[in-house]
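Read the structure below first, then the notes.
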Number of protein chains: 2
Amino acid sequence: MNRTATRKIPLGKISIGGSPKVLVQSMCNIKTSKVEEVSAQIKRCQALGADLMRVSVLDREDALALPELVKRVDIPLVADIHFDYRLALTAIESGIAAIRINPGNIGGMDRVALVAEAAKAHHTAIRVGVNAGSLDASLAEHPSAEALLLSAKKHVGMLESCDFHDIVISLKASDVLLTIEAYRKASEAFPYPLHLGVTEAGPKDIGLLRSAAALSPLLLEGIGDTIRISLSEEPEEEIKAANRLLHDLGLKEDYFTFVSCPTCGRTEVDLVPLAKKVLGYLEDHPKKIKVAVMGCIVNGPGEAKEADVGIAGGRGSYVLFKKGQVTKTIKEAEAYDCLIEEIEKL
Amino acid sequence: MNRTATRKIPLGKISIGGSPKVLVQSMCNIKTSKVEEVSAQIKRCQALGADLMRVSVLDREDALALPELVKRVDIPLVADIHFDYRLALTAIESGIAAIRINPGNIGGMDRVALVAEAAKAHHTAIRVGVNAGSLDASLAEHPSAEALLLSAKKHVGMLESCDFHDIVISLKASDVLLTIEAYRKASEAFPYPLHLGVTEAGPKDIGLLRSAAALSPLLLEGIGDTIRISLSEEPEEEIKAANRLLHDLGLKEDYFTFVSCPTCGRTEVDLVPLAKKVLGYLEDHPKKIKVAVMGCIVNGPGEAKEADVGIAGGRGSYVLFKKGQVTKTIKEAEAYDCLIEEIEKL
């Protein structure tokens, strides 16, 4: 089932599913009871392009902080809860947009019914999040796509038996091929929106590759209504990465395109530090623009011409391109300032 | 055409195409005439898992350095040449495994015939490398998959008319969707092995995502005989990334699997620096092993149990898992040394 055919689920002021739009999310890594710090982190992520954020609710202190947190931020929040149905009820009553909980882990159908009823009354969505690392041992000795799907069906079935249907599903594994297979199966099996992600993807160098390797084929097949790029990094980095991936796949219009060459024996300027600095600026000030930072005159002008603003290096200097036209030659030392000035003008 | 159905082309002591094996390559970023430095870089890349390396031949000095370079290293080299057929002839005579040149750019069929004849005599492969940034303006005003294919056909046709068929083809663009479309078309159009890559992919943060987003769907469809992950970084980083991507997609058995959690409000150890340090060690000492560095007890033990060696964090300490069994508790400060010791033992 592709993303336009999934069920549309309310998520605070927005919705998820039933739309080509893929929502970007991450998870706060600060204890939720520290409302000041957590809300600041959420706002930073929102400025970078987060559509929603998840916060972990480890204890009563965290759960009681939710009403104040919900008040302070204006994107939907998802409360991450494990095992404790009372924390789930408190979170739902706080006005949170969604909770993430696995109904099979909270101690029986009576408690599931209580949570489902409260969620229905408060229009709270429930994300069922199955994880290869914590699969029920009775389902499979080792994680498999079938076991992930079976586990999701069990949890989802418990909510459906309470006539609850505002469900989002994730099936996370750290293995790329397992992830792809599990989500393809889930997309056929469920009418609900899917939250895509690779779990335990690792630090940036390894996590970006692994997440893109798994999510790109799925997103291109029309599978996935929201993504998280899990990294062993700050959530801000996850948001930047998620936006970039969606933009690269043609699924996020309103973002920047940045090209810079890999450098080679032909390069006669110190390109990489400049490219990184310009990229950093664009990430912090995202807008719909194409920028090219190129090292030499072989492929440089071609790429630079296709950009809104571009530079192509020569010997210790750059040629500046604006909308396909050479406008001037700039000294290497002035390249950054000159480029940013042009970007700001656009 | 999938990778097992492509033509098998000799490449020095190895071959490319006609096999499920996807070769890993990068390009040196040191002037080729600096034989000492370039050969050291090639050897570093080989130790990290490079199957072949490309070197740029900008001038006669570079071309004349090739025989010595070929002698010093024992993986196939590809000489990157633009426009100058005399450099191509000198490179071919040096015993290099392949040259990269676009026959349409060297000044007419007489010169193409000379180069093709020399390449045939020396069993030198020729990579035709079409690039969206330097497409012939007569083919298209703006780069498109059709224009890339048309351009490749023109260059390849010139070699074929000289009865030369030891051809590898690349069609590079910086755009993910354009890259995917162009290679799908090329895979249908040509019997030759394909070199996959996204050009001008940018610094690591952006380039890893973009390359994986484009290459993952293609590789999973069976398209691609060699890959380069172009980054505005050192070639060593490109090799590590290419190996990781292939391994994640099940296309490289002999490499390590590393999982580490994204950290969240539950984490009570300083996980990220440890995860990065362990990852760095594994990249420098690649072997077939699965290692998990996990922050907490929710998903940690599950993942750690699936690993050959794994740790899951608690409050200022870790539990060590070996082949699914808890073996001991270790202090946070001793975690790195203890983990490396276990990895070395395996």
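Lettering and numbering for the structure tokens are positional, with chains as A, B, ... in the shown order, residues counted from 1 in each chain, and ligands counted from 1 in the shown order.
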Self-check item: Spatial neighbours of Thr124 of chain A, 12 Å, only C-alpha atoms, chain gap at least 4 places, as a VMD selection string
Solution: chain A and resid 9 to 13 15 76 to 79 88 to 100 115 to 120 164 to 168
Quiz item: When the cut-off is 6 Å and we count only C-alpha atoms, which residues of chain A are near chain B, given as a PyMOL selection string?
Solution: chain A and resi 29-31+56+133-134+176+200-202+208-209+212-213+216-217+230-232+248+259-262+264-265+272+299+302-303
Exercise. Just give me the gap between atom CA of Lys153 of chain A and atom CA of Lys172 of chain A in Å, one decimal is fine.
Key: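 These two atoms are separated by 14.3 Å.
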Practice problem: Could you give me the residues within segment 153-294 of chain A that DSSP places in strand (DSSP E), as number ranges by chain? | Solution: A: 167-172, 195-196, 226-227, 257-260, 290-294
With C-alpha atoms kept, could you save the residues just selected as a PDB file, in the first residue's frame?
ATOM      1  CA  ILE A 167      -2.498   3.648  14.507  1.00  0.00           C
ATOM      2  CA  VAL A 168       0.957   4.245  13.066  1.00  0.00           C
ATOM      3  CA  ILE A 169       3.306   1.278  12.732  1.00  0.00           C
ATOM      4  CA  SER A 170       7.071   0.909  12.763  1.00  0.00           C
ATOM      5  CA  LEU A 171       9.083  -2.281  12.329  1.00  0.00           C
ATOM      6  CA  LYS A 172      12.657  -1.494  13.101  1.00  0.00           C
ATOM      7  CA  HIS A 195       6.975   5.148  10.347  1.00  0.00           C
ATOM      8  CA  LEU A 196      10.195   4.155   8.556  1.00  0.00           C
ATOM      9  CA  THR A 226       7.134   9.505   8.269  1.00  0.00           C
ATOM     10  CA  ILE A 227      10.839   8.833   8.643  1.00  0.00           C
ATOM     11  CA  THR A 257      20.263  21.401  -3.160  1.00  0.00           C
ATOM     12  CA  PHE A 258      23.995  21.462  -2.612  1.00  0.00           C
ATOM     13  CA  VAL A 259      26.591  19.998  -4.927  1.00  0.00           C
ATOM     14  CA  SER A 260      30.325  20.021  -4.419  1.00  0.00           C
ATOM     15  CA  LYS A 290      20.601  25.217  -5.554  1.00  0.00           C
ATOM     16  CA  VAL A 291      24.232  25.938  -4.716  1.00  0.00           C
ATOM     17  CA  ALA A 292      27.334  24.419  -6.372  1.00  0.00           C
ATOM     18  CA  VAL A 293      30.881  24.551  -4.987  1.00  0.00           C
ATOM     19  CA  MET A 294      33.152  23.036  -7.616  1.00  0.00           C
TER      20      MET A 294
END
Self-check item: Residues of segment 141-333 of chain B in helix (DSSP H, G or I), written as a PyMOL selection string
Solution: chain B and resi 145-160+176-189+204-220+235-248+271-284+300-306+332-333
